[in-house]
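K.L.:
As input, take entry.txt (compact mmCIF, C-alpha atoms):
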```txt
# COMPACT_ATOMS: atom_id res chain seq x y z
CA MET A 9 -36.43 84.77 70.12
CA SER A 10 -33.23 83.99 71.78
CA LEU A 11 -29.96 83.35 70.01
CA LEU A 12 -29.97 79.64 70.85
CA ALA A 13 -33.44 79.17 69.35
CA ARG A 14 -32.41 80.88 66.15
CA LEU A 15 -29.37 78.60 65.78
CA ALA A 16 -31.55 75.48 66.31
CA VAL A 17 -34.04 76.53 63.60
CA THR A 18 -31.22 77.26 61.17
CA ALA A 19 -29.61 73.90 61.83
CA THR A 20 -32.91 72.10 61.34
CA GLY A 21 -33.56 73.77 57.95
CA ALA A 22 -30.02 73.10 56.73
CA GLY A 23 -30.29 69.44 57.69
CA ALA A 24 -33.54 69.02 55.83
CA SER A 25 -32.09 70.55 52.67
CA LEU A 26 -29.01 68.33 52.94
CA LEU A 27 -31.17 65.19 53.40
CA SER A 28 -33.39 65.99 50.46
CA ARG A 29 -30.57 66.85 47.98
CA PRO A 30 -29.33 63.24 47.29
CA THR A 31 -32.88 62.17 46.52
CA LEU A 32 -33.24 64.90 43.94
CA LEU A 33 -29.88 64.04 42.38
CA ALA A 34 -30.73 60.31 42.25
CA SER A 35 -34.08 60.97 40.62
CA ALA A 36 -32.44 63.20 38.03
CA ALA A 37 -29.71 60.63 37.20
CA ALA A 38 -32.08 57.60 36.91
CA PRO A 39 -33.32 56.68 33.37
CA THR A 40 -36.83 57.89 32.84
CA THR A 41 -37.55 56.28 29.38
CA LEU A 42 -37.38 52.73 27.82
CA ALA A 43 -34.96 53.85 25.10
CA ALA A 44 -32.48 55.00 27.72
CA ALA A 45 -32.73 51.61 29.46
CA LEU A 46 -32.10 49.66 26.21
CA ALA A 47 -29.12 51.85 25.33
CA GLN A 48 -27.07 50.24 28.10
CA LYS A 49 -24.52 47.52 26.93
CA ARG A 50 -23.20 44.50 28.79
CA TRP A 51 -19.62 43.57 27.86
CA ALA A 52 -18.26 39.95 28.04
CA THR A 53 -16.29 39.16 31.16
CA LYS A 54 -14.39 36.12 29.62
CA ARG A 55 -12.31 36.28 26.46
CA SER A 56 -13.29 33.68 23.80
CA GLY A 57 -10.67 31.09 22.81
CA GLY A 58 -9.13 31.00 19.32
CA SER A 59 -9.38 28.06 16.84
CA THR A 60 -6.52 25.97 15.44
CA LYS A 61 -6.08 23.44 12.61
CA ASN A 62 -2.96 21.78 14.01
CA GLY A 63 -3.98 20.76 17.49
CA ARG A 64 -3.31 17.02 17.24
CA ASP A 65 -0.43 14.53 17.17
CA SER A 66 0.10 10.87 16.17
CA HIS A 67 2.81 8.27 16.57
CA SER A 68 5.15 7.64 13.63
CA LYS A 69 4.47 4.41 11.73
CA ARG A 70 8.14 3.39 11.29
CA LEU A 71 7.78 2.63 7.58
CA GLY A 72 10.66 1.63 5.30
CA LEU A 73 13.18 -1.16 4.80
CA LYS A 74 13.87 -3.36 7.80
CA LYS A 75 16.34 -5.73 6.08
CA TYR A 76 18.81 -4.90 3.31
CA GLY A 77 20.26 -6.85 0.40
CA GLY A 78 22.59 -9.65 1.49
CA GLN A 79 21.33 -9.83 5.07
CA GLY A 80 20.43 -13.22 6.49
CA VAL A 81 16.84 -13.73 7.67
CA ILE A 82 14.73 -16.44 9.26
CA PRO A 83 11.01 -17.14 8.70
CA GLY A 84 8.88 -14.33 10.10
CA ASN A 85 11.45 -11.54 9.80
CA ILE A 86 9.89 -8.32 8.49
CA LEU A 87 11.60 -7.09 5.35
CA VAL A 88 9.61 -3.98 4.36
CA ARG A 89 6.96 -1.83 6.04
CA GLN A 90 5.04 0.15 3.43
CA ARG A 91 1.76 1.72 2.39
CA GLY A 92 0.85 0.22 -0.94
CA THR A 93 3.02 -2.17 -2.96
CA GLU A 94 6.09 -0.09 -3.70
CA PHE A 95 7.97 -3.40 -3.30
CA HIS A 96 6.32 -6.58 -4.55
CA ALA A 97 6.68 -9.99 -2.93
CA GLY A 98 9.00 -12.37 -4.74
CA PRO A 99 9.83 -16.04 -4.02
CA ASN A 100 9.86 -17.02 -0.33
CA VAL A 101 8.28 -13.69 0.68
CA GLY A 102 4.78 -13.20 2.06
CA ILE A 103 2.63 -10.07 2.17
CA GLY A 104 0.28 -8.97 4.96
CA LYS A 105 -3.01 -7.10 4.77
CA ASP A 106 -1.15 -3.82 5.46
CA HIS A 107 1.34 -4.61 2.62
CA THR A 108 4.07 -5.67 5.04
CA LEU A 109 6.59 -8.04 3.41
CA TYR A 110 8.06 -10.83 5.56
CA ALA A 111 10.29 -13.86 5.02
CA LEU A 112 8.79 -17.33 4.58
CA LYS A 113 12.06 -19.29 4.50
CA PRO A 114 15.56 -18.82 5.90
CA GLY A 115 18.07 -17.34 3.49
CA HIS A 116 19.45 -14.04 2.25
CA VAL A 117 17.54 -10.95 1.08
CA HIS A 118 17.76 -9.91 -2.56
CA PHE A 119 16.21 -6.79 -4.13
CA TYR A 120 15.77 -6.72 -7.91
CA ARG A 121 13.74 -5.20 -10.73
CA ALA A 122 11.62 -7.26 -13.12
CA TYR A 123 8.60 -6.92 -15.39
CA LYS A 124 5.15 -7.79 -14.11
CA VAL A 125 3.03 -9.10 -16.99
CA LYS A 126 -0.73 -8.61 -17.07
CA THR A 127 -2.99 -10.12 -19.70
CA LEU A 128 -5.44 -7.70 -21.31
CA ALA A 129 -8.46 -8.22 -23.52
CA GLY A 130 -7.85 -9.32 -27.08
CA GLY A 131 -4.76 -11.37 -26.24
CA ARG A 132 -2.62 -8.31 -25.51
CA THR A 133 -0.20 -8.08 -22.60
CA LEU A 134 0.92 -5.19 -20.41
CA ALA A 135 4.44 -5.34 -18.94
CA GLN A 136 5.37 -2.91 -16.15
CA GLU A 137 8.75 -2.70 -14.44
CA GLN A 138 8.41 -3.18 -10.69
CA GLN A 139 10.65 -3.59 -7.64
CA PHE A 140 10.69 -7.03 -6.02
CA VAL A 141 12.23 -8.51 -2.90
CA GLN A 142 12.92 -12.22 -2.46
CA VAL A 143 14.67 -14.54 -0.01
CA ILE A 144 17.26 -16.75 -1.72
CA HIS A 145 17.16 -20.33 -0.46
CA ARG A 146 19.08 -23.31 -1.84
CA ASP A 147 15.94 -25.41 -2.28
CA THR A 148 14.08 -22.85 -4.41
CA HIS A 149 17.11 -21.18 -6.08
CA ALA A 150 19.22 -24.22 -6.93
CA VAL A 151 19.97 -22.84 -10.43
CA ALA A 152 21.57 -19.74 -8.87
CA PHE A 153 24.30 -21.72 -7.06
CA ASP A 154 27.34 -23.07 -8.85
CA ALA A 155 27.42 -26.86 -8.74
CA GLN A 156 31.19 -27.02 -8.18
CA SER A 157 32.07 -24.02 -6.01
CA GLY A 158 28.65 -23.48 -4.46
CA ARG A 159 28.89 -19.72 -4.99
CA LEU A 160 25.76 -17.69 -5.62
CA ASP A 161 25.23 -16.01 -9.00
CA LEU A 162 22.67 -13.20 -8.57
CA SER A 163 22.15 -12.93 -12.34
CA LYS A 164 20.52 -16.38 -12.19
CA ALA A 165 18.63 -15.75 -8.95
CA ILE A 166 15.64 -14.04 -10.60
CA LEU A 167 13.03 -16.76 -11.02
CA GLU A 168 10.47 -16.27 -13.77
CA SER A 169 6.80 -17.21 -13.63
CA ASP A 170 3.68 -16.70 -15.72
CA THR A 171 3.37 -13.10 -14.49
CA VAL A 172 7.03 -12.10 -13.87
CA ARG A 173 9.74 -11.79 -16.53
CA ARG A 174 13.39 -10.76 -16.21
CA THR A 175 13.55 -8.59 -19.35
CA LEU A 176 11.09 -6.83 -21.58
CA GLU A 177 11.90 -9.11 -24.52
CA ARG A 178 10.87 -12.17 -22.49
CA ALA A 179 7.69 -10.42 -21.41
CA ARG A 180 6.35 -10.31 -24.96
CA THR A 181 3.94 -13.12 -25.65
CA PRO A 182 4.70 -14.83 -28.98
CA THR A 183 1.92 -14.87 -31.55
CA LEU A 184 0.90 -18.46 -32.22
CA PRO A 185 -0.17 -19.37 -35.78
CA PRO A 186 -3.85 -20.27 -36.16
CA THR A 187 -4.73 -23.94 -35.87
CA PRO A 188 -5.90 -25.53 -39.16
CA ALA A 189 -9.50 -26.72 -39.22
CA ALA A 190 -8.41 -30.31 -39.81
CA GLU A 191 -6.35 -30.36 -36.60
CA PHE A 192 -8.91 -28.55 -34.47
CA VAL A 193 -10.07 -30.58 -31.49
CA PRO A 194 -13.34 -29.44 -29.88
CA ARG A 195 -13.12 -28.61 -26.20
CA ARG A 196 -14.49 -31.21 -23.84
CA ARG A 197 -17.53 -30.61 -21.73
CA ALA A 198 -16.93 -29.10 -18.31
CA PHE A 199 -18.20 -32.09 -16.37
CA ASP A 200 -15.92 -34.63 -18.13
CA LYS A 201 -12.93 -35.73 -16.08
CA ILE A 202 -9.57 -34.74 -17.60
CA ASN A 203 -6.27 -36.41 -16.82
CA ARG A 204 -4.03 -33.50 -15.88
CA VAL A 205 -0.79 -35.31 -16.82
CA GLU A 206 -2.08 -36.14 -20.29
CA PHE A 207 -3.39 -32.62 -20.70
CA ASP A 208 -0.01 -31.07 -19.81
CA GLU A 209 1.72 -33.40 -22.27
CA LEU A 210 -0.69 -32.38 -25.04
CA VAL A 211 -0.11 -28.69 -24.34
CA THR A 212 3.68 -29.12 -24.33
CA GLU A 213 3.55 -31.07 -27.59
CA SER A 214 1.37 -28.37 -29.17
CA TRP A 215 3.81 -25.63 -28.11
CA ARG A 216 6.75 -27.67 -29.42
CA GLU A 217 5.10 -28.01 -32.84
CA ARG A 218 4.15 -24.33 -33.13
CA LEU A 219 7.16 -22.62 -31.53
CA GLY A 220 9.93 -25.16 -32.05
CA GLY A 221 11.87 -27.20 -29.57
CA ASP A 222 14.50 -24.48 -29.02
CA HIS A 223 12.06 -21.81 -27.84
CA TRP A 224 12.60 -20.68 -24.24
CA MET A 225 8.92 -21.12 -23.31
CA VAL A 226 8.98 -24.74 -24.51
CA LYS A 227 12.19 -25.45 -22.58
CA GLN A 228 10.78 -23.87 -19.45
CA ARG A 229 7.64 -25.97 -19.70
CA GLU A 230 9.65 -29.14 -20.26
CA GLU A 231 11.73 -28.41 -17.15
CA LYS A 232 8.60 -27.69 -15.12
CA PHE A 233 6.62 -30.81 -16.10
CA GLY A 234 9.54 -33.10 -17.01
CA HIS A 235 8.33 -33.95 -20.54
```
Show how you would write the structure in this file as structure tokens.
P.N.:
Amino acid sequence: MSLLARLAVTATGAGASLLSRPTLLASAAAPTTLAAALAQKRWATKRSGGSTKNGRDSHSKRLGLKKYGGQGVIPGNILVRQRGTEFHAGPNVGIGKDHTLYALKPGHVHFYRAYKVKTLAGGRTLAQEQQFVQVIHRDTHAVAFDAQSGRLDLSKAILESDTVRRTLERARTPTLPPTPAAEFVPRRRAFDKINRVEFDELVTESWRERLGGDHWMVKQREEKFGH
């Protein structure tokens, strides 16, 4: 055999061994069992986002006093924005469904403290000191203005009612003596018509007999009904 033939045979055998070697390596590297296939893991390609408890925002509600003591107001002016009744509505002041206080008449703002009286069972009363705001107007606060000089006296500007008293002493309900059986008048039936003027006069006369004509409650009732 010539030298060229020998070189050709050698090259052919070497090529075959080179072509077959990757196949043997691939078959050896491939998984041959199910356990080996399940042992492979797939890692996440996207990082998960974190959680937060503060990821929100809201507009401020602008609560607080909008008018101060001594300021002049007109009907509709907002006096106080609040949550709950930290300030209670006094004379010439209205309250909205969100506890907003606003002026009902023109005048000047006045903040004060008074006792709110609540009637309990058994004839007892509960008096709690509260903060009030009112609008002073000459028509409703005539007693607070001096007749000669026309100057305003804030000590007389606190108007009392059945549920509001200036001091704790005036908040106490006096104990009325029991009515004798001979003077007892049975209550009328509900469907009978009652003259309101006569009824108010009878009540005032009864208070005058039991408490005396100098008692402050009797005087206040006489001023209110003109008896």
K.L.:
What is the CA of Arg229 in chain A-CA of Asn100 in chain A distance in Å, reported with one decimal?
P.N.:
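We find that CA of Arg229 in chain A and CA of Asn100 in chain A lie 21.5 Å from each other.
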K.L.:
CA of Arg173 in chain A to CA of Gly80 in chain A: how many Å, to one decimal?
P.N.:
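Value for the CA of Arg173 in chain A-CA of Gly80 in chain A distance: 25.4 Å.
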K.L.:
Do a neighbour search on range 113-126 of chain A at 10 Å with only C-alpha atoms, toss out local chain neighbours closer than 4 positions, and write the hits as a count of residues only.
P.N.:
55
K.L.:
Using Å and a single decimal, report how far CA of Ala155 in chain A sits from CA of Ala111 in chain A.
P.N.:
25.5 Å
K.L.:
I'd like the contact shell of Lys74 in chain A - 10 Å cut-off, all atoms listed in the file, skipping same-chain residues fewer than 2 positions apart - returned as number ranges by chain.
P.N.:
A: 70-72, 76, 85-89, 109-110
K.L.:
Determine the axis-aligned bounding box of all atoms of range 228-232 of chain A present in the file, pad each side by 6 Å, and express its centre and edge lengths in Å to one decimal place as JSON.
P.N.:
```
{"center_x": 9.7, "center_y": -26.5, "center_z": -17.7, "size_x": 16.1, "size_y": 17.3, "size_z": 17.1}
```
